[in-house]
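For reference, the structure is listed below as structure tokens.
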Amino acid sequence: MYDYVIIGAGSAGCVLANRLTEDPKTTVLLLEAGNPDQKQNIHIPAGFSKLFKTEYDWAYYTEKQPYLNNRRLYWPRGKVLGGSSSINAMIYIRGNWRDYDHWHDLDNQGWSAKEVLQYFIKTENQNILKNDYHGVGGPLNVTNLRCINLLSRAFVEAGIEAGLPFNQDFNGAEQEGVGFYQVTQKNGKRHSVATAYLKPVLPRPNLTVQTNAQVTKINFSGTQVIGITYFHQDSFHQIQVAKEVILSGGTINSPQLLMLSGIGDAEQLKSLGIPVVVDLPGVGKNLQDHLTLPIAYKCTKPVSLANAETFDNVLKYLLFKNGPLTTNVAEAGGFVKTRPDLKIHDLQFHFAPVYFLNHGFTRPDGHGFTFAPTLLYPQSKGSITLRSNNPLEAPVIQPNYLEKEADLEVLVAGVKLSRRLVQMKAFDAFRGEEFVPGLQVQDNEEIRAYIRNTVETLYHPVGTCKMGNDEMSVVNSQLQVHGVQGLRVVDASIMPTIVGGNTNAPTIMIAEKAADLIKNC
């Protein structure tokens, strides 16, 4: 029997395993459905897209999207120690400070910007920036890119030419402007949460880690959690727990496991033959995600990342951990308002000094570069539901992308702004013809059609076990599941509303704060 069983060794689970075992008297079992993180492409920054649709990826697909011409969208999710922090683009962004004050205003005490800042600082070993917003000595290494492409520099210069401020710290006082992204890397290698938080504490005798172990059910006596059942090496195993089960499976797997265990919409569970423990209709609802799309151009000079894997560059990486293979691909970006009357930025840019189309699977010949405008605050919301009561079957993912017309209009503005930026003097030396969508796409209706045919996830689903006290919330501000005892959810699924930026750093913050909540319980 363990004091705590943590389900999922991703961005939240690894943090919790580290912090909870700081007390040598506390025993923890950490279960991960995927493999150890031994694959070389996990640790070479430029290799992340080569992990998509491999054994390290759940490789989910959405249902047909009615507002995207019935396309089914691919959703990569990390199935490996470190979770999605082992297969992501390593961008360190916290979101807009107003996001957390909004959480607080939604009756989530303790989650205001001022209160969560201390946990962002606690996580961080900041290599470059020295101010009140950053920390030194934390587990997670945050630094500048070692090698920035000429095209990424042109993007930032173009933004300044267009009247956007230069921002050297998107995680400081203000988010607005263009600049270069900081990344979770150390010495030219990916610094995943597994590397930062888990591996340093593996020798602790009070920590047990089991990979290739998929939890299939949380077990109850009445409404009290008593343990879990997991599948490993072709058989099922049961573990009892003394204090709490902590669910850190992520925005898809956490609500899926709750529902499989009898926590969710009672009528839906009964229809699948699942005994109801608690009728909690909000489980799986409130799904939100960031959408992005490419506006790509041919490059007139051979300077893009298309040359990243030459023999010389591979040698440079192997010997010095430098050069183009240290790239995260999305090297530069920024935050802008598509309308001057907005109080908060509604569009984020990711700029890639290479063609980045269809998650990297489509690779045109030659050199190019890609603008990727990203919708930050979607009004469209979706859900995760069970397809069956089989725990090994993927759930139904229905994000309802672009159901709300306002979401589409933000992306239309993003296409137009991309086209404006590429005409700036900074791109004169590199600008070739528009590769996609192409000059035949001009008026608003043509742009909208291109978006519906092309838009993809930016890999940031959140919200399906939302924190709050209304009838559709799943956990309280202590992240305890409503209506049961001994169960918490700690991951991106608890976000009541999506943050304005990449979601890995906020997920790590959530876990740091949760560890203190658990210790002080």
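Each chain in the structure tokens gets a letter, A, B, ..., in the order shown, and its residues are numbered from 1; ligands are numbered from 1 in order too.
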Polymer residues at most 6 Å from range 418-435 of chain A, only C-alpha atoms, same-chain spacing of 6 or more positions, as a short mmCIF file (atom, residue, chain, number, x, y, z; two decimals) with N, CA and C atoms, in the first residue's frame:
data_model
loop_
_atom_site.label_atom_id
_atom_site.label_comp_id
_atom_site.auth_asym_id
_atom_site.auth_seq_id
_atom_site.Cartn_x
_atom_site.Cartn_y
_atom_site.Cartn_z
N ALA A 154 14.33 38.02 -38.94
CA ALA A 154 13.58 38.86 -39.87
C ALA A 154 12.13 39.02 -39.41
N GLU A 157 12.11 41.61 -36.64
CA GLU A 157 12.33 42.94 -37.22
C GLU A 157 11.11 43.43 -37.98
N ALA A 158 10.45 42.53 -38.68
CA ALA A 158 9.25 42.90 -39.42
C ALA A 158 8.13 43.34 -38.48
N ALA A 296 2.52 30.23 -45.43
CA ALA A 296 3.91 29.86 -45.72
C ALA A 296 4.39 30.49 -47.03
N TYR A 297 5.68 30.78 -47.06
CA TYR A 297 6.29 31.44 -48.22
C TYR A 297 7.54 30.69 -48.64
N LYS A 298 7.78 30.69 -49.95
CA LYS A 298 9.06 30.21 -50.43
C LYS A 298 10.15 31.20 -50.03
N CYS A 299 11.32 30.67 -49.73
CA CYS A 299 12.44 31.51 -49.34
C CYS A 299 13.44 31.57 -50.50
N THR A 300 13.88 32.77 -50.85
CA THR A 300 14.75 32.95 -52.01
C THR A 300 16.22 32.65 -51.71
N LYS A 301 16.54 32.40 -50.45
CA LYS A 301 17.91 32.05 -50.08
C LYS A 301 17.90 30.73 -49.30
#
Spatial neighbours of Glu405 in chain A, max dist 10 Å, only C-alpha atoms, sep filter under 4 positions, as a short mmCIF file (atom, residue, chain, number, x, y, z; two decimals) with C-alpha atoms, in the first residue's frame:
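That gives us selection17.cif:
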data_model
loop_
_atom_site.label_atom_id
_atom_site.label_comp_id
_atom_site.auth_asym_id
_atom_site.auth_seq_id
_atom_site.Cartn_x
_atom_site.Cartn_y
_atom_site.Cartn_z
CA TYR A 67 -17.39 23.48 -39.06
CA GLN A 379 -15.49 30.80 -27.66
CA SER A 380 -16.22 27.34 -29.10
CA GLU A 409 -12.80 36.04 -37.54
CA VAL A 410 -9.75 36.16 -35.23
#
Task: Residue contacts of Ile274 in chain A (9 Å, only C-alpha atoms) excluding same-chain residues fewer than 6 positions away, as number ranges by chain - done: A: 259-262, 266, 268, 389
Could you write out the selected residues, including N, CA and C atoms, as an mmCIF file, in the first residue's frame?
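Okay, this is what ended up in result.cif:
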data_model
loop_
_atom_site.group_PDB
_atom_site.id
_atom_site.type_symbol
_atom_site.label_atom_id
_atom_site.label_comp_id
_atom_site.auth_asym_id
_atom_site.auth_seq_id
_atom_site.Cartn_x
_atom_site.Cartn_y
_atom_site.Cartn_z
ATOM 1 N N MET A 259 -14.839 8.864 -15.764
ATOM 2 C CA MET A 259 -16.092 8.283 -16.254
ATOM 3 C C MET A 259 -16.063 6.756 -16.182
ATOM 4 N N LEU A 260 -14.947 6.158 -16.560
ATOM 5 C CA LEU A 260 -14.826 4.704 -16.469
ATOM 6 C C LEU A 260 -14.982 4.213 -15.034
ATOM 7 N N SER A 261 -14.646 5.097 -14.082
ATOM 8 C CA SER A 261 -14.701 4.739 -12.662
ATOM 9 C C SER A 261 -16.021 5.108 -12.007
ATOM 10 N N GLY A 262 -16.969 5.644 -12.790
ATOM 11 C CA GLY A 262 -18.295 5.928 -12.255
ATOM 12 C C GLY A 262 -18.532 7.363 -11.844
ATOM 13 N N ALA A 266 -24.566 10.849 -15.029
ATOM 14 C CA ALA A 266 -25.141 9.565 -14.612
ATOM 15 C C ALA A 266 -25.838 8.850 -15.759
ATOM 16 N N GLN A 268 -25.345 9.052 -19.011
ATOM 17 C CA GLN A 268 -24.384 8.526 -19.973
ATOM 18 C C GLN A 268 -23.692 7.278 -19.427
ATOM 19 N N ASN A 389 -17.398 1.192 -22.573
ATOM 20 C CA ASN A 389 -16.866 0.982 -21.229
ATOM 21 C C ASN A 389 -15.548 0.217 -21.243
#
Contact residues around Lys53 in chain A with only C-alpha atoms at 12 Å, ignoring same-chain residues under 3 positions, as a PDB file with N, CA and C atoms, in the first residue's frame:
ATOM      1  N   PHE A  48      11.390  16.840 -32.413  1.00  0.00           N
ATOM      2  CA  PHE A  48      10.125  16.552 -31.725  1.00  0.00           C
ATOM      3  C   PHE A  48       9.034  16.044 -32.655  1.00  0.00           C
ATOM      4  N   SER A  49       8.913  16.600 -33.874  1.00  0.00           N
ATOM      5  CA  SER A  49       7.817  16.166 -34.740  1.00  0.00           C
ATOM      6  C   SER A  49       8.024  14.743 -35.261  1.00  0.00           C
ATOM      7  N   LYS A  50       9.244  14.228 -35.177  1.00  0.00           N
ATOM      8  CA  LYS A  50       9.498  12.837 -35.574  1.00  0.00           C
ATOM      9  C   LYS A  50       8.932  11.852 -34.560  1.00  0.00           C
ATOM     10  N   TYR A  56       5.505   6.732 -28.779  1.00  0.00           N
ATOM     11  CA  TYR A  56       5.579   7.737 -27.718  1.00  0.00           C
ATOM     12  C   TYR A  56       4.412   8.722 -27.765  1.00  0.00           C
ATOM     13  N   ASP A  57       3.434   8.417 -28.584  1.00  0.00           N
ATOM     14  CA  ASP A  57       2.327   9.332 -28.849  1.00  0.00           C
ATOM     15  C   ASP A  57       1.016   8.542 -28.770  1.00  0.00           C
ATOM     16  N   TRP A  58       0.032   9.079 -28.027  1.00  0.00           N
ATOM     17  CA  TRP A  58      -1.291   8.472 -28.020  1.00  0.00           C
ATOM     18  C   TRP A  58      -1.939   8.565 -29.403  1.00  0.00           C
ATOM     19  N   ALA A  59      -1.532   9.568 -30.178  1.00  0.00           N
ATOM     20  CA  ALA A  59      -2.003   9.725 -31.565  1.00  0.00           C
ATOM     21  C   ALA A  59      -3.533   9.673 -31.659  1.00  0.00           C
ATOM     22  N   TYR A  60      -4.177  10.562 -30.934  1.00  0.00           N
ATOM     23  CA  TYR A  60      -5.632  10.632 -30.955  1.00  0.00           C
ATOM     24  C   TYR A  60      -6.138  11.340 -32.217  1.00  0.00           C
ATOM     25  N   TYR A  61      -7.395  11.111 -32.510  1.00  0.00           N
ATOM     26  CA  TYR A  61      -8.081  11.850 -33.566  1.00  0.00           C
ATOM     27  C   TYR A  61      -9.423  12.331 -33.032  1.00  0.00           C
ATOM     28  N   TYR A  74      -5.895  15.341 -36.152  1.00  0.00           N
ATOM     29  CA  TYR A  74      -4.931  14.558 -35.388  1.00  0.00           C
ATOM     30  C   TYR A  74      -4.492  15.336 -34.148  1.00  0.00           C
ATOM     31  N   TRP A  75      -4.499  14.650 -33.002  1.00  0.00           N
ATOM     32  CA  TRP A  75      -4.060  15.239 -31.733  1.00  0.00           C
ATOM     33  C   TRP A  75      -2.898  14.431 -31.154  1.00  0.00           C
ATOM     34  N   PRO A  76      -1.657  14.872 -31.289  1.00  0.00           N
ATOM     35  CA  PRO A  76      -0.564  14.191 -30.595  1.00  0.00           C
ATOM     36  C   PRO A  76      -0.623  14.470 -29.100  1.00  0.00           C
ATOM     37  N   ARG A  77      -0.348  13.444 -28.300  1.00  0.00           N
ATOM     38  CA  ARG A  77      -0.291  13.562 -26.842  1.00  0.00           C
ATOM     39  C   ARG A  77       0.809  12.616 -26.360  1.00  0.00           C
ATOM     40  N   GLY A  78       1.679  13.103 -25.500  1.00  0.00           N
ATOM     41  CA  GLY A  78       2.815  12.314 -25.066  1.00  0.00           C
ATOM     42  C   GLY A  78       2.421  11.065 -24.287  1.00  0.00           C
ATOM     43  N   LYS A  79       2.890   9.906 -24.738  1.00  0.00           N
ATOM     44  CA  LYS A  79       2.676   8.632 -24.042  1.00  0.00           C
ATOM     45  C   LYS A  79       4.060   8.093 -23.679  1.00  0.00           C
ATOM     46  N   ILE A  87       7.506  15.598 -25.943  1.00  0.00           N
ATOM     47  CA  ILE A  87       7.322  15.631 -27.401  1.00  0.00           C
ATOM     48  C   ILE A  87       6.887  17.010 -27.889  1.00  0.00           C
ATOM     49  N   HIS A 359       1.561  19.334 -39.237  1.00  0.00           N
ATOM     50  CA  HIS A 359       2.321  18.804 -38.094  1.00  0.00           C
ATOM     51  C   HIS A 359       3.745  18.381 -38.474  1.00  0.00           C
ATOM     52  N   GLY A 360       4.235  18.868 -39.597  1.00  0.00           N
ATOM     53  CA  GLY A 360       5.572  18.482 -40.041  1.00  0.00           C
ATOM     54  C   GLY A 360       5.591  17.279 -40.958  1.00  0.00           C
ATOM     55  N   PHE A 361       4.443  16.650 -41.217  1.00  0.00           N
ATOM     56  CA  PHE A 361       4.412  15.469 -42.092  1.00  0.00           C
ATOM     57  C   PHE A 361       4.526  15.843 -43.568  1.00  0.00           C
TER      58      PHE A 361
END
Name the residues of range 11-95 of chain A that fall into helix (DSSP H, G or I) according to DSSP on the backbone, using the chain letters and numbers of this document, as a JSON list (two decimals) with N, CA and C atoms, in the first residue's frame.
[["chain", "number", "residue", "atom", "x", "y", "z"],
["A", 13, "GLY", "N", 2.39, 14.97, -13.24],
["A", 13, "GLY", "CA", 2.70, 13.80, -12.42],
["A", 13, "GLY", "C", 4.14, 13.75, -11.96],
["A", 14, "CYS", "N", 5.07, 14.12, -12.83],
["A", 14, "CYS", "CA", 6.49, 14.12, -12.44],
["A", 14, "CYS", "C", 6.78, 15.14, -11.35],
["A", 15, "VAL", "N", 6.13, 16.31, -11.45],
["A", 15, "VAL", "CA", 6.29, 17.34, -10.42],
["A", 15, "VAL", "C", 5.79, 16.81, -9.08],
["A", 16, "LEU", "N", 4.61, 16.22, -9.08],
["A", 16, "LEU", "CA", 4.02, 15.71, -7.84],
["A", 16, "LEU", "C", 4.88, 14.61, -7.22],
["A", 17, "ALA", "N", 5.41, 13.72, -8.06],
["A", 17, "ALA", "CA", 6.25, 12.64, -7.54],
["A", 17, "ALA", "C", 7.48, 13.19, -6.84],
["A", 18, "ASN", "N", 8.05, 14.23, -7.41],
["A", 18, "ASN", "CA", 9.21, 14.88, -6.80],
["A", 18, "ASN", "C", 8.84, 15.52, -5.47],
["A", 19, "ARG", "N", 7.83, 16.34, -5.49],
["A", 19, "ARG", "CA", 7.52, 17.15, -4.30],
["A", 19, "ARG", "C", 6.96, 16.32, -3.15],
["A", 20, "LEU", "N", 6.11, 15.35, -3.46],
["A", 20, "LEU", "CA", 5.50, 14.57, -2.39],
["A", 20, "LEU", "C", 6.50, 13.63, -1.72],
["A", 40, "GLN", "N", 16.25, 8.88, -28.83],
["A", 40, "GLN", "CA", 17.15, 10.01, -29.05],
["A", 40, "GLN", "C", 16.42, 11.26, -29.48],
["A", 41, "ASN", "N", 15.37, 11.11, -30.32],
["A", 41, "ASN", "CA", 14.66, 12.29, -30.81],
["A", 41, "ASN", "C", 13.88, 13.02, -29.72],
["A", 42, "ILE", "N", 13.69, 12.39, -28.57],
["A", 42, "ILE", "CA", 13.09, 13.10, -27.44],
["A", 42, "ILE", "C", 14.04, 14.19, -26.96],
["A", 43, "HIS", "N", 15.31, 13.91, -26.96],
["A", 43, "HIS", "CA", 16.28, 14.79, -26.32],
["A", 43, "HIS", "C", 16.94, 15.78, -27.29],
["A", 45, "PRO", "N", 16.36, 18.67, -29.60],
["A", 45, "PRO", "CA", 15.19, 19.57, -29.71],
["A", 45, "PRO", "C", 14.50, 19.56, -31.07],
["A", 46, "ALA", "N", 15.26, 19.57, -32.15],
["A", 46, "ALA", "CA", 14.65, 19.67, -33.48],
["A", 46, "ALA", "C", 13.89, 18.42, -33.88],
["A", 47, "GLY", "N", 14.04, 17.34, -33.12],
["A", 47, "GLY", "CA", 13.44, 16.07, -33.51],
["A", 47, "GLY", "C", 12.03, 15.84, -33.02],
["A", 48, "PHE", "N", 11.39, 16.84, -32.41],
["A", 48, "PHE", "CA", 10.12, 16.55, -31.72],
["A", 48, "PHE", "C", 9.03, 16.04, -32.66],
["A", 49, "SER", "N", 8.91, 16.60, -33.87],
["A", 49, "SER", "CA", 7.82, 16.17, -34.74],
["A", 49, "SER", "C", 8.02, 14.74, -35.26],
["A", 50, "LYS", "N", 9.24, 14.23, -35.18],
["A", 50, "LYS", "CA", 9.50, 12.84, -35.57],
["A", 50, "LYS", "C", 8.93, 11.85, -34.56],
["A", 51, "LEU", "N", 8.50, 12.36, -33.42],
["A", 51, "LEU", "CA", 7.89, 11.51, -32.39],
["A", 51, "LEU", "C", 6.40, 11.34, -32.60],
["A", 83, "GLY", "N", 5.40, 12.83, -20.43],
["A", 83, "GLY", "CA", 4.18, 13.17, -21.13],
["A", 83, "GLY", "C", 4.44, 14.07, -22.33],
["A", 84, "SER", "N", 3.58, 15.04, -22.53],
["A", 84, "SER", "CA", 3.73, 15.92, -23.69],
["A", 84, "SER", "C", 4.93, 16.85, -23.56],
["A", 85, "SER", "N", 5.50, 17.00, -22.36],
["A", 85, "SER", "CA", 6.74, 17.79, -22.24],
["A", 85, "SER", "C", 7.92, 17.08, -22.89],
["A", 86, "SER", "N", 7.75, 15.79, -23.24],
["A", 86, "SER", "CA", 8.79, 15.04, -23.93],
["A", 86, "SER", "C", 8.63, 15.06, -25.44]]
Open item on the list: When you count only C-alpha atoms, which of these residues is closest to Gly483 in chain A: A:Val277, A:Ile246, A:Val136, A:Val178?
Closed with: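 Answer, going by the shortest atom-to-atom distance: A:Val277.
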Open item on the list: If you run DSSP on the backbone here, which positions in range 422-487 of chain A get strand (DSSP E)? Please write them as a ChimeraX atom specification.
Closed with: /A:431-436,456-457,487
Task: Nearest to Phe155 in chain A by atom-to-atom distance, counting only C-alpha atoms, from A:Glu331, A:Asp407, A:Asp279, A:Glu63 - done: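 Ranking A:Glu331, A:Asp407, A:Asp279, A:Glu63 by distance to Phe155 in chain A, first place goes to A:Glu331.
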Proximity check range 159-207 of chain A to range 335-343 of chain A, 12 Å, nearest pairs one decimal Å, only C-alpha atoms, as a tab-separated table:
residue	atom	partner	partner_atom	distance
A:Gly159	CA	A:Val336	CA	10.3
A:Ala162	CA	A:Val336	CA	11.7
A:Gly163	CA	A:Val336	CA	10.9
A:Leu164	CA	A:Val336	CA	8.0
A:Pro165	CA	A:Val336	CA	9.8
A:Phe166	CA	A:Phe335	CA	10.5
A:Asn167	CA	A:Phe335	CA	9.5
A:Asp169	CA	A:Phe335	CA	11.5
A:Phe170	CA	A:Phe335	CA	8.5
A:Asn171	CA	A:Phe335	CA	11.4
A:Glu174	CA	A:Phe335	CA	9.9
A:Gln175	CA	A:Phe335	CA	6.5
A:Glu176	CA	A:Phe335	CA	5.0
A:Gly177	CA	A:Phe335	CA	5.5
A:Val178	CA	A:Phe335	CA	6.6
A:Gly179	CA	A:Phe335	CA	9.3
A:Phe180	CA	A:Phe335	CA	11.5
A:Tyr181	CA	A:Phe335	CA	11.5
Quick one: residues within 7 Å of Thr62 in chain A, only C-alpha atoms, excluding same-chain residues fewer than 5 positions away - as a short mmCIF file (atom, residue, chain, number, x, y, z; two decimals) with N, CA and C atoms, in the first residue's frame?
data_model
loop_
_atom_site.label_atom_id
_atom_site.label_comp_id
_atom_site.auth_asym_id
_atom_site.auth_seq_id
_atom_site.Cartn_x
_atom_site.Cartn_y
_atom_site.Cartn_z
N ARG A 72 -11.37 15.13 -39.62
CA ARG A 72 -10.96 14.58 -38.33
C ARG A 72 -9.53 15.04 -38.08
N LEU A 73 -9.32 15.73 -36.97
CA LEU A 73 -8.00 16.31 -36.71
C LEU A 73 -7.16 15.41 -35.81
N TYR A 74 -5.90 15.34 -36.15
CA TYR A 74 -4.93 14.56 -35.39
C TYR A 74 -4.49 15.34 -34.15
N ILE A 397 -13.53 12.43 -28.92
CA ILE A 397 -13.00 13.80 -28.79
C ILE A 397 -13.77 14.70 -29.74
N GLN A 398 -14.55 15.61 -29.18
CA GLN A 398 -15.38 16.51 -29.98
C GLN A 398 -15.15 17.96 -29.53
#
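Distances here use only C-alpha atoms; by that measure, the residue among A:Phe120, A:Phe349, A:Tyr133, A:Tyr230 closest to Leu392 in chain A is A:Tyr230.
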- [ ] Mind checking which residues fall within 8 Å of range 196-212 of chain A, counting only C-alpha atoms, ignoring those fewer than 6 positions away in the same chain, and posting them as a ChimeraX atom specification?
- [x] /A:14-15,17-18,21,24-36,81,139-141,232-233
Task: Residue nearest Ala173 in chain A - candidates A:Phe52, A:Trp97, A:Tyr450, A:Tyr377, atoms counted: only C-alpha atoms - done: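 Among A:Phe52, A:Trp97, A:Tyr450, A:Tyr377, it is A:Trp97 that comes nearest to Ala173 in chain A.
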Open item on the list: Nearest residue to Leu258 in chain A out of A:Thr503, A:Gln442, A:Thr464, A:Thr497, using only C-alpha atoms?
Closed with: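 Checking each candidate against Leu258 in chain A, we get A:Thr464 as the closest.
Nearest to Gly463 in chain A of all the residues A:Lys416, A:Ser383, A:Pro373, A:Ile295 is A:Ser383, counting only C-alpha atoms.
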- [ ] Rounded to one decimal place, report the CA of Gly138 in chain A-CA of Tyr119 in chain A distance in Å.
- [x] 10.0 Å
